[in-house]
Each structure stands twice: as C-alpha cells, then as structure tokens.
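Raw contents of structure18.csv, CSV, C-alpha atoms:
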```csv
chain,number,residue,atom,x,y,z
A,216,MET,CA,42.3,-3.5,37.7
A,217,MET,CA,41.3,-7.1,37.2
A,218,ALA,CA,42.7,-9.2,34.4
A,219,PRO,CA,40.1,-9.8,31.7
A,220,GLY,CA,39.8,-13.5,32.4
A,221,PHE,CA,39.4,-13.0,36.1
A,222,ARG,CA,36.9,-10.2,35.5
A,223,LYS,CA,34.8,-12.6,33.4
A,224,LEU,CA,35.0,-15.2,36.2
A,225,MET,CA,33.9,-12.7,38.8
A,226,LEU,CA,31.1,-11.4,36.6
A,227,THR,CA,29.9,-15.0,36.2
A,228,VAL,CA,29.9,-15.6,39.9
A,229,HIS,CA,28.2,-12.2,40.5
A,230,VAL,CA,25.4,-12.8,38.0
A,231,THR,CA,24.9,-16.4,39.3
A,232,THR,CA,24.6,-15.4,42.9
A,233,SER,CA,22.5,-12.4,42.2
A,234,VAL,CA,20.0,-14.4,40.1
A,235,GLY,CA,20.2,-17.2,42.7
A,236,TRP,CA,19.3,-14.7,45.4
A,237,LEU,CA,16.1,-13.7,43.5
A,238,GLY,CA,15.4,-17.4,42.9
A,239,ALA,CA,15.7,-18.1,46.6
A,240,ILE,CA,13.3,-15.3,47.4
A,241,ALA,CA,10.9,-16.9,44.9
A,242,ALA,CA,11.2,-20.2,46.7
A,243,TYR,CA,10.6,-18.4,50.0
A,244,ILE,CA,7.5,-16.8,48.6
A,245,ALA,CA,6.3,-20.1,47.4
A,246,LEU,CA,6.6,-21.5,50.9
A,247,ASN,CA,4.1,-18.9,52.0
A,248,VAL,CA,1.4,-20.6,50.0
A,249,PRO,CA,1.0,-23.7,52.2
A,250,ALA,CA,1.9,-21.5,55.3
A,251,LEU,CA,-1.1,-19.3,54.6
A,252,ALA,CA,-3.5,-21.3,52.6
A,253,SER,CA,-3.1,-25.0,53.4
A,254,ASP,CA,-5.8,-26.9,55.3
A,255,GLU,CA,-3.3,-29.3,56.7
A,256,GLU,CA,-1.5,-28.3,59.8
A,257,GLN,CA,1.6,-30.5,59.0
A,258,ALA,CA,2.0,-28.8,55.7
A,259,MET,CA,1.8,-25.4,57.4
A,260,ARG,CA,4.4,-26.4,60.0
A,261,ALA,CA,6.7,-27.8,57.3
A,262,ALA,CA,6.5,-24.6,55.4
A,263,TYR,CA,7.5,-22.4,58.3
A,264,LEU,CA,10.4,-24.8,59.1
A,265,MET,CA,11.6,-24.7,55.5
A,266,MET,CA,11.4,-20.9,55.5
A,267,ASP,CA,14.1,-21.0,58.2
A,268,VAL,CA,16.2,-23.4,56.1
A,269,VAL,CA,15.9,-21.4,52.9
A,270,MET,CA,16.8,-18.2,54.9
A,271,ARG,CA,19.9,-19.7,56.5
A,272,TYR,CA,21.3,-21.8,53.7
A,273,ALA,CA,20.2,-20.0,50.5
A,274,LEU,CA,19.1,-16.4,51.1
A,275,ILE,CA,21.9,-15.3,53.4
A,276,PRO,CA,24.8,-17.0,51.6
A,277,LEU,CA,23.6,-15.9,48.2
A,278,ALA,CA,23.1,-12.3,49.4
A,279,VAL,CA,26.6,-12.2,50.9
A,280,ALA,CA,28.1,-13.6,47.7
A,281,SER,CA,26.1,-11.2,45.5
A,282,LEU,CA,27.1,-8.2,47.6
A,283,THR,CA,30.8,-9.1,47.9
A,284,THR,CA,31.3,-10.0,44.2
A,285,GLY,CA,29.4,-6.9,43.2
A,286,ILE,CA,31.8,-4.7,45.3
A,287,ALA,CA,34.8,-6.6,44.0
A,288,GLN,CA,33.6,-6.3,40.4
A,289,ALA,CA,33.1,-2.5,40.8
A,290,LEU,CA,36.5,-2.0,42.5
A,291,GLY,CA,38.3,-4.2,40.0
A,292,THR,CA,37.0,-2.4,36.9
A,293,PRO,CA,37.0,1.2,35.6
A,294,TRP,CA,33.3,1.5,36.7
A,295,GLY,CA,34.5,2.0,40.3
A,296,LEU,CA,32.2,2.0,43.3
A,297,PHE,CA,31.3,5.7,43.6
A,298,ARG,CA,32.0,7.0,40.1
A,299,HIS,CA,28.6,6.3,38.5
A,300,TYR,CA,25.2,6.8,40.0
A,301,TRP,CA,23.9,3.4,38.9
A,302,VAL,CA,26.7,1.6,40.6
A,303,THR,CA,26.5,3.6,43.8
A,304,ILE,CA,22.7,3.4,44.0
A,305,SER,CA,22.8,-0.4,43.3
A,306,LEU,CA,25.3,-0.8,46.1
A,307,ALA,CA,23.1,1.2,48.5
A,308,LEU,CA,19.9,-0.6,47.7
A,309,THR,CA,21.6,-4.1,47.8
A,310,THR,CA,23.2,-3.3,51.1
A,311,PHE,CA,19.9,-2.0,52.5
A,312,ALA,CA,18.2,-5.2,51.4
A,313,PHE,CA,20.9,-7.3,52.9
A,314,VAL,CA,20.7,-5.5,56.3
A,315,ILE,CA,16.9,-6.0,56.4
A,316,LEU,CA,17.4,-9.7,55.5
A,317,VAL,CA,19.8,-10.2,58.4
A,318,LEU,CA,17.6,-8.2,60.8
A,319,HIS,CA,14.7,-10.4,59.8
A,320,VAL,CA,16.4,-13.7,60.7
A,321,PRO,CA,15.3,-13.7,64.4
A,322,ALA,CA,11.6,-13.3,63.3
A,323,VAL,CA,11.9,-16.2,60.9
A,324,GLU,CA,13.6,-18.3,63.6
A,325,ARG,CA,10.8,-17.5,66.0
A,326,MET,CA,8.2,-18.6,63.5
A,327,ALA,CA,10.1,-21.9,62.9
A,328,ALA,CA,10.4,-22.5,66.6
A,329,VAL,CA,6.6,-22.1,67.0
A,330,ALA,CA,6.1,-24.5,64.0
A,331,ALA,CA,8.5,-27.0,65.6
A,332,ASP,CA,6.4,-27.1,68.8
A,333,PRO,CA,3.6,-29.7,68.2
A,334,ARG,CA,1.5,-28.0,71.0
A,335,ALA,CA,1.8,-24.5,69.5
A,336,ASP,CA,-0.9,-23.1,67.2
A,337,VAL,CA,0.6,-22.2,63.7
A,338,THR,CA,-2.6,-20.9,62.2
A,339,ASN,CA,-2.1,-17.4,63.6
A,340,LEU,CA,1.6,-17.0,62.5
A,341,GLY,CA,0.4,-15.0,59.4
A,342,GLY,CA,3.1,-16.1,56.9
A,343,ASP,CA,5.9,-13.8,55.7
A,344,LEU,CA,4.7,-12.4,52.5
A,345,PHE,CA,5.4,-8.7,53.3
A,346,HIS,CA,9.2,-9.1,53.6
A,347,SER,CA,9.6,-11.6,50.8
A,348,VAL,CA,7.5,-9.9,48.2
A,349,GLY,CA,8.8,-6.5,49.2
A,350,GLY,CA,12.4,-7.8,49.0
A,351,LEU,CA,11.8,-9.2,45.6
A,352,VAL,CA,10.3,-6.0,44.2
A,353,PHE,CA,13.0,-3.9,45.9
A,354,LEU,CA,15.8,-6.0,44.4
A,355,LEU,CA,14.4,-5.6,40.9
A,356,VAL,CA,15.6,-2.0,41.0
A,357,PRO,CA,19.4,-2.8,41.2
A,358,LEU,CA,18.8,-5.6,38.8
A,359,ALA,CA,17.4,-3.1,36.2
A,360,LEU,CA,20.2,-0.6,37.0
A,361,ASN,CA,22.8,-3.3,36.4
A,362,ILE,CA,21.2,-4.2,33.0
A,363,TYR,CA,20.5,-0.7,31.7
A,364,LYS,CA,23.4,1.1,33.3
A,365,PRO,CA,21.9,4.6,32.9
A,366,ARG,CA,24.3,7.4,32.3
A,367,GLY,CA,25.3,9.8,35.0
A,368,MET,CA,28.6,10.4,36.8
A,369,THR,CA,28.9,11.4,40.4
A,370,ARG,CA,30.9,14.5,41.3
A,371,TYR,CA,33.7,12.2,42.6
A,372,GLY,CA,33.7,10.2,39.3
A,373,TRP,CA,33.7,13.3,37.2
A,374,ARG,CA,36.7,14.7,39.2
A,375,ARG,CA,38.6,11.5,38.8
A,376,THR,CA,37.9,11.4,35.1
A,377,GLN,CA,39.1,15.1,34.7
A,378,LYS,CA,42.3,14.3,36.6
A,379,GLN,CA,43.0,11.3,34.4
A,380,ARG,CA,42.3,13.4,31.3
A,381,VAL,CA,44.8,16.0,32.4
A,382,HIS,CA,47.3,13.3,33.4
A,383,ALA,CA,46.9,11.6,30.0
A,384,SER,CA,47.3,14.9,28.1
A,385,ARG,CA,50.6,15.6,29.8
A,386,THR,CA,52.1,12.1,29.1
B,13,MET,CA,28.0,-5.3,36.9
B,14,THR,CA,29.2,-5.5,33.4
B,15,ASP,CA,31.5,-7.4,31.0
B,16,ARG,CA,32.2,-4.1,29.2
B,17,PRO,CA,33.6,-1.6,31.6
B,18,PRO,CA,33.9,2.0,30.4
B,19,HIS,CA,37.2,3.4,29.4
B,20,PRO,CA,37.7,6.3,31.7
B,21,MET,CA,39.3,8.4,29.0
B,22,VAL,CA,36.7,7.9,26.3
B,23,ASP,CA,33.4,6.5,27.5
B,24,ARG,CA,31.0,8.6,29.4
B,25,ALA,CA,32.6,11.8,28.1
B,26,ALA,CA,29.1,12.9,27.2
B,27,ASP,CA,28.2,12.8,30.8
B,28,GLY,CA,29.6,16.3,31.2
B,29,SER,CA,29.3,18.0,34.5
B,30,PRO,CA,28.2,16.0,37.5
B,31,GLY,CA,24.6,17.3,37.7
B,32,LEU,CA,22.0,14.9,39.1
B,33,PRO,CA,20.6,12.8,36.2
B,34,GLN,CA,16.9,12.9,35.5
B,35,TRP,CA,16.5,9.1,36.2
B,36,VAL,CA,18.0,9.6,39.7
B,37,LYS,CA,15.5,12.3,40.5
B,38,LEU,CA,12.6,10.0,39.3
B,39,LEU,CA,14.0,7.1,41.3
B,40,ALA,CA,14.2,9.3,44.4
B,41,ILE,CA,10.6,10.4,43.9
B,42,GLY,CA,9.5,6.8,43.4
B,43,VAL,CA,11.3,5.8,46.7
B,44,VAL,CA,9.7,8.6,48.6
B,45,ILE,CA,6.2,7.7,47.3
B,46,ALA,CA,6.8,4.0,48.1
B,47,VAL,CA,7.9,4.8,51.7
B,48,ILE,CA,4.9,7.1,52.2
B,49,VAL,CA,2.5,4.3,50.9
B,50,LEU,CA,4.3,1.8,53.1
B,51,VAL,CA,4.0,3.9,56.3
B,52,VAL,CA,0.3,4.8,55.6
B,53,THR,CA,-0.4,1.1,55.0
B,54,MET,CA,1.3,0.1,58.2
B,55,LEU,CA,-0.6,2.7,60.1
B,56,LEU,CA,-3.9,1.6,58.6
B,57,VAL,CA,-3.2,-2.1,59.2
B,58,GLY,CA,-2.3,-1.5,62.8
B,59,GLY,CA,1.4,-0.6,62.8
B,60,GLU,CA,2.6,-4.0,64.0
B,61,HIS,CA,5.6,-3.8,61.8
B,62,GLY,CA,8.7,-1.8,62.4
B,63,PRO,CA,12.3,-2.0,63.2
B,64,GLY,CA,11.5,-3.1,66.8
B,65,MET,CA,10.1,-6.4,65.5
B,66,HIS,CA,13.5,-7.4,64.2
B,67,GLY,CA,15.1,-7.1,67.6
B,68,GLY,CA,14.9,-10.8,68.4
```
What's the structure tokens form of this structure?
Amino acid sequence: MMAPGFRKLMLTVHVTTSVGWLGAIAAYIALNVPALASDEEQAMRAAYLMMDVVMRYALIPLAVASLTTGIAQALGTPWGLFRHYWVTISLALTTFAFVILVLHVPAVERMAAVAADPRADVTNLGGDLFHSVGGLVFLLVPLALNIYKPRGMTRYGWRRTQKQRVHASRT
Amino acid sequence: MTDRPPHPMVDRAADGSPGLPQWVKLLAIGVVIAVIVLVVTMLLVGGEHGPGMHGG
C-alpha cells in the first residue's frame, strides 16, 4: 500500500492528467470549428495541422499519464483494480478510449498531411467531430464513476474481503 | 480514484454477496443501446467508419 503522502501526490497527478485529457479533447473539438465552418482556407489548414499537434503533444501524453496513474492509484490503495465494479469498469472504459485514440492517430496524421500540401483540397476532409465528441461523452462515464464510486464488489473482491476477515479474526 | 480508500475490513461490508449491482446492469443496457444507435447511424450515413479506417 502507498504511504498517505505519496497517495495524495499520485491522486493529484491522476486528477490533473484526467481533467487535462478532457480539456485537450475540448481544445481538439474547438479546432473542428474552423476546420468545418471557416471560409478561409488558411484557417482550415491551420486547424487540421493543430489537430495533429494537440493529438501528439496533449491527448496522447495526458491519456497515458491518466491511465497509468489510475492503475497505480488502484493498486496502491485498498480499492484494488478488480475488487470493485466501479474501478474495473473505469479501467476498461479508459483503456478502450486510449486504444481508440492511438488507433486514430494515423487518420489525423493523414488529414494534417493533406492540410500541409498547398495544392491539396481541404474542404472535403470533413473535420473530426465524431471521434472527439464521442470520446468526450464516453470519458464522462469513468469520470462520473470516479466521483460517485457506486457500491458493488466483484466476486474476486468479495472473496478477498472474506479471506481478510477470516485472517483478521484468527489473529 | 479517491483520497479515502475503503478499509477492507470495515467499509463495503454492506455490499454482501457479489451479485451484479443494479447500476452495472443499467450501464450495460446503456452501452448496448449506444452501440446499436451507433451502428445504425453508420449504416444510414454510409458505413464509411470502421476499424479499417484506423489501419493507416
């Protein structure tokens, strides 16, 4: 188990990176406005180029940090990773969102490459609202689970608790 | 995560047997409905989206 001071530090990093991940998604969604609605071609190109930058240097690093600190936080506290449904489901949803994010990188790179080519037409790229809005809505579920922490132990968690109770009663 | 982890001996004792909580069932139903809506929308729009588009 983590020492209380270290646990607080890890929690601070976890909350910061998780909220930062959501903020980076909001910035990515905002870039879709000029990409989809601007009349100026330069603004559209700049938006697609910046989507790639936000993806590489904000979304991916923050997602990695959020996921790893979340796992460390679960393993270093009595919550555990697979003892409570809300922790396990949060882990599954966050991991799924991270995998989709990583798999989506090549598509964003392709859009940025088209935008970087002055001869290419950017008006038909179509933006990237589907993944960004979908990702934001999707990540609100683990966010809510982390705040509300609804009751419910998994079979594994229940067995562990029973064993610890027996052990505690013998000592 | 949390700044107040449960004490494994005391907290959550009321959880009782490991039956599937109601909120997990509701969440699962919500996910299934969302997936169905997504698939139907994709089919109606033209089905251009899918895991294949992520291949690079």
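Here CA of Ser384 (chain A) is placed at a distance of 29.7 Å from CA of Gly220 (chain A).
Residues of chain A lying within 6 Å of chain B, counting all atoms listed in the file, are Pro293, Trp294, Leu318, His319, Pro321, Asn361, Gly367, Met368, Thr369 and Arg370 of chain A.
Comparing the minimum interatomic distances between Leu277 (chain A) and each of A:Leu316, A:Ile244, A:Ala258, A:Val381, counting all atoms listed in the file, we find that A:Leu316 sits nearest.
In terms of minimum interatomic distance to Ala289 (chain A), A:Leu306 ranks closest within A:Leu306, A:Ala261, A:Ile315, A:Ile275, counting only C-alpha atoms.
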> Using all atoms listed in the file, which residue out of A:Glu256, A:Thr376, A:Ala359, A:Phe221 lies closest to Ala335 (chain A)?
Replying inline: A:Glu256
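Excluding region 222-235 of chain A and any residue on its chain fewer than 5 positions from it, the residues at most 6 Å away by all atoms listed in the file are Met217, Leu277, Ser281 and Thr284 of chain A.
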Please define a box with edges along x, y and z of the file around all atoms of region 27-46 of chain B given in the file, extend it by 3 Å on each side, and return its centre and edge lengths in Å to one decimal, as JSON.
```
{"center_x": 17.9, "center_y": 11.0, "center_z": 39.7, "size_x": 29.4, "size_y": 20.0, "size_z": 23.8}
```
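When CA of His299 (chain A) is paired with CA of Lys364 (chain A), their separation reads 9.0 Å.
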